[in-house]
Amino acid sequence: MNRGLLFAVVAVILPASLVRADATADEWKGLVGNWKVESATLNGTDSTDMFKTLTLNMEEGKYKVTFVGMNDIGTIKLDLDKKPKQMTIVGTEGTNKDRTHHAIYELDKDMLKICYAIGGQAAPKEFESKTDSMTLLVTYKREKK
């Protein structure tokens with residue numbers, strides 16, 4: 001491959017990967033923080049009261065859920081190219097250790113909506129939780145410092 005062609009290929013590929021990295025870093029700025037459950041629907045049933053005490057803490061690439069005295073800790077990988085945006089959640093400690101969950105999410109300032117596939121299946125296509133769907137739809141509100 002001649003040097004001119006190699007330079008052209010690098011000039012096209014490298015900036016695109018840097019833009020993606022910058023977009024992901026910007027996305028994490030909006031997601032980082034402590035989140036409390038506003039509403040929750042599990043398999044089509046309103047489960048807000050059951051999940052009211054759940055807290056979600058996110059740092060770039062990491063999460064910690066505290067719920068009824070138990071912790072779930074792991075990693076989150078964002079996929080901003082999908083519509084709606086997706087996340088892959090991998091438990092490394094606690095109740096979901098060694099489990100992978102796929103989800104879609106939508107961030108609007110201090111409100112975060114996540115629809116989790118809780119049965120190990122692919123990420124949901126829509127923000128809904130129907131009977132026997134093995135999905136959990138949660139709307140979180142950011143806790144103020």
# chains A, B, ... in the order shown; residues from 1 in each chain; ligands from 1
call {"tool": "select_by_dssp", "arguments": {"residues": "segment 10-72 of chain A", "states": "strand (DSSP E or B)", "output": "PDB file with C-alpha atoms, in the first residue's frame"}}
result
ATOM      1  CA  GLY A  33     -24.212  10.386  39.812  1.00  0.00           C
ATOM      2  CA  ASN A  34     -26.682   8.891  42.264  1.00  0.00           C
ATOM      3  CA  TRP A  35     -30.133   7.934  41.001  1.00  0.00           C
ATOM      4  CA  LYS A  36     -33.362   7.091  42.865  1.00  0.00           C
ATOM      5  CA  VAL A  37     -36.331   5.191  41.456  1.00  0.00           C
ATOM      6  CA  GLU A  38     -39.298   7.346  40.417  1.00  0.00           C
ATOM      7  CA  SER A  39     -41.274   4.513  38.820  1.00  0.00           C
ATOM      8  CA  ALA A  40     -40.768   0.866  37.911  1.00  0.00           C
ATOM      9  CA  THR A  41     -42.682  -1.692  35.856  1.00  0.00           C
ATOM     10  CA  LEU A  42     -41.672  -5.352  36.006  1.00  0.00           C
ATOM     11  CA  THR A  45     -46.880  -4.811  36.529  1.00  0.00           C
ATOM     12  CA  ASP A  46     -46.370  -1.515  38.346  1.00  0.00           C
ATOM     13  CA  THR A  55     -30.377   3.368  44.514  1.00  0.00           C
ATOM     14  CA  LEU A  56     -28.165   3.377  41.453  1.00  0.00           C
ATOM     15  CA  ASN A  57     -24.737   4.993  41.482  1.00  0.00           C
ATOM     16  CA  MET A  58     -22.896   5.376  38.178  1.00  0.00           C
ATOM     17  CA  GLU A  59     -19.341   6.378  37.477  1.00  0.00           C
ATOM     18  CA  LYS A  62     -19.084   1.356  36.458  1.00  0.00           C
ATOM     19  CA  TYR A  63     -22.246   0.978  38.484  1.00  0.00           C
ATOM     20  CA  LYS A  64     -23.364   0.042  41.982  1.00  0.00           C
ATOM     21  CA  VAL A  65     -26.931  -0.809  42.896  1.00  0.00           C
ATOM     22  CA  THR A  66     -27.984  -0.954  46.537  1.00  0.00           C
ATOM     23  CA  PHE A  67     -31.304  -2.655  47.224  1.00  0.00           C
ATOM     24  CA  MET A  70     -27.665  -6.086  49.016  1.00  0.00           C
ATOM     25  CA  ASN A  71     -25.180  -4.695  46.519  1.00  0.00           C
ATOM     26  CA  ASP A  72     -24.818  -5.320  42.824  1.00  0.00           C
TER      27      ASP A  72
END
call {"tool": "residues_around", "arguments": {"residues": "Asp110 of chain A", "least_positions_apart": "3", "cutoff": "8 Å", "atoms": "only C-alpha atoms", "output": "VMD selection string"}}
result
chain A and resid 107 141 to 142
call {"tool": "select_by_dssp", "arguments": {"residues": "segment 23-141 of chain A", "states": "helix (DSSP H, G or I)", "output": "ChimeraX atom specification"}}
result
/A:23-31,48-51
call {"tool": "closest_atom_pairs", "arguments": {"of": "segment 77-138 of chain A", "to": "segment 48-54 of chain A", "cutoff": "12 Å", "atoms": "only C-alpha atoms", "output": "CSV"}}
result
residue,atom,partner,partner_atom,distance
A:Leu136,CA,A:Phe51,CA,10.7
A:Leu137,CA,A:Thr48,CA,10.0
A:Val138,CA,A:Thr48,CA,8.5
call {"tool": "closest_residue", "arguments": {"among": "A:Lys109, A:His101, A:Lys144, A:Lys125", "to": "Thr88 of chain A", "atoms": "only C-alpha atoms"}}
result
A:His101
call {"tool": "atom_distance", "arguments": {"atom1": "atom CA of Glu126 of chain A", "atom2": "atom CA of Gly94 of chain A"}}
result
28.2 Å
call {"tool": "closest_residue", "arguments": {"among": "A:Val32, A:Lys113, A:Thr95, A:Gly120", "to": "Val68 of chain A", "atoms": "only C-alpha atoms"}}
result
A:Thr95
call {"tool": "closest_atom_pairs", "arguments": {"of": "segment 93-144 of chain A", "to": "segment 75-85 of chain A", "cutoff": "7 Å", "atoms": "only C-alpha atoms", "output": "tab-separated table"}}
result
residue	atom	partner	partner_atom	distance
A:Ile104	CA	A:Lys85	CA	5.6
A:Tyr105	CA	A:Lys85	CA	5.7
A:Glu106	CA	A:Lys85	CA	6.9
call {"tool": "write_last_selection", "arguments": {"atoms": "N, CA and C atoms", "output": "compact mmCIF listing (two decimals), in the first residue's frame"}}
result
# COMPACT_ATOMS: atom_id res chain seq x y z
N ILE A 104 -31.82 -0.64 27.08
CA ILE A 104 -31.86 0.61 26.34
C ILE A 104 -32.05 1.72 27.37
N TYR A 105 -31.60 2.92 27.01
CA TYR A 105 -31.75 4.02 27.97
C TYR A 105 -31.96 5.33 27.25
N GLU A 106 -32.51 6.27 28.04
CA GLU A 106 -32.77 7.61 27.55
C GLU A 106 -32.51 8.57 28.70
call {"tool": "atom_distance", "arguments": {"atom1": "atom CA of His102 of chain A", "atom2": "atom CA of Met134 of chain A"}}
result
11.5 Å
call {"tool": "atom_distance", "arguments": {"atom1": "atom CA of Cys115 of chain A", "atom2": "atom CA of Ser129 of chain A"}}
result
7.7 Å
call {"tool": "residues_around", "arguments": {"residues": "Thr92 of chain A", "least_positions_apart": "3", "cutoff": "7 Å", "atoms": "only C-alpha atoms", "output": "PyMOL selection string"}}
result
chain A and resi 73-74+97-98
call {"tool": "write_last_selection", "arguments": {"atoms": "N, CA, C and O atoms", "output": "short mmCIF file (atom, residue, chain, number, x, y, z; two decimals), in the first residue's frame"}}
result
data_model
loop_
_atom_site.label_atom_id
_atom_site.label_comp_id
_atom_site.auth_asym_id
_atom_site.auth_seq_id
_atom_site.Cartn_x
_atom_site.Cartn_y
_atom_site.Cartn_z
N ILE A 73 -22.65 -4.82 41.87
CA ILE A 73 -21.57 -3.97 41.38
C ILE A 73 -21.07 -4.53 40.06
O ILE A 73 -20.97 -5.75 39.90
N GLY A 74 -20.75 -3.63 39.12
CA GLY A 74 -20.22 -4.13 37.85
C GLY A 74 -19.84 -3.03 36.89
O GLY A 74 -19.58 -1.89 37.29
N LYS A 97 -23.43 -11.16 39.97
CA LYS A 97 -22.06 -11.53 39.58
C LYS A 97 -22.10 -12.53 38.42
O LYS A 97 -22.87 -13.48 38.43
N ASP A 98 -21.28 -12.25 37.42
CA ASP A 98 -21.14 -13.10 36.23
C ASP A 98 -22.38 -13.13 35.34
O ASP A 98 -22.50 -14.00 34.48
#
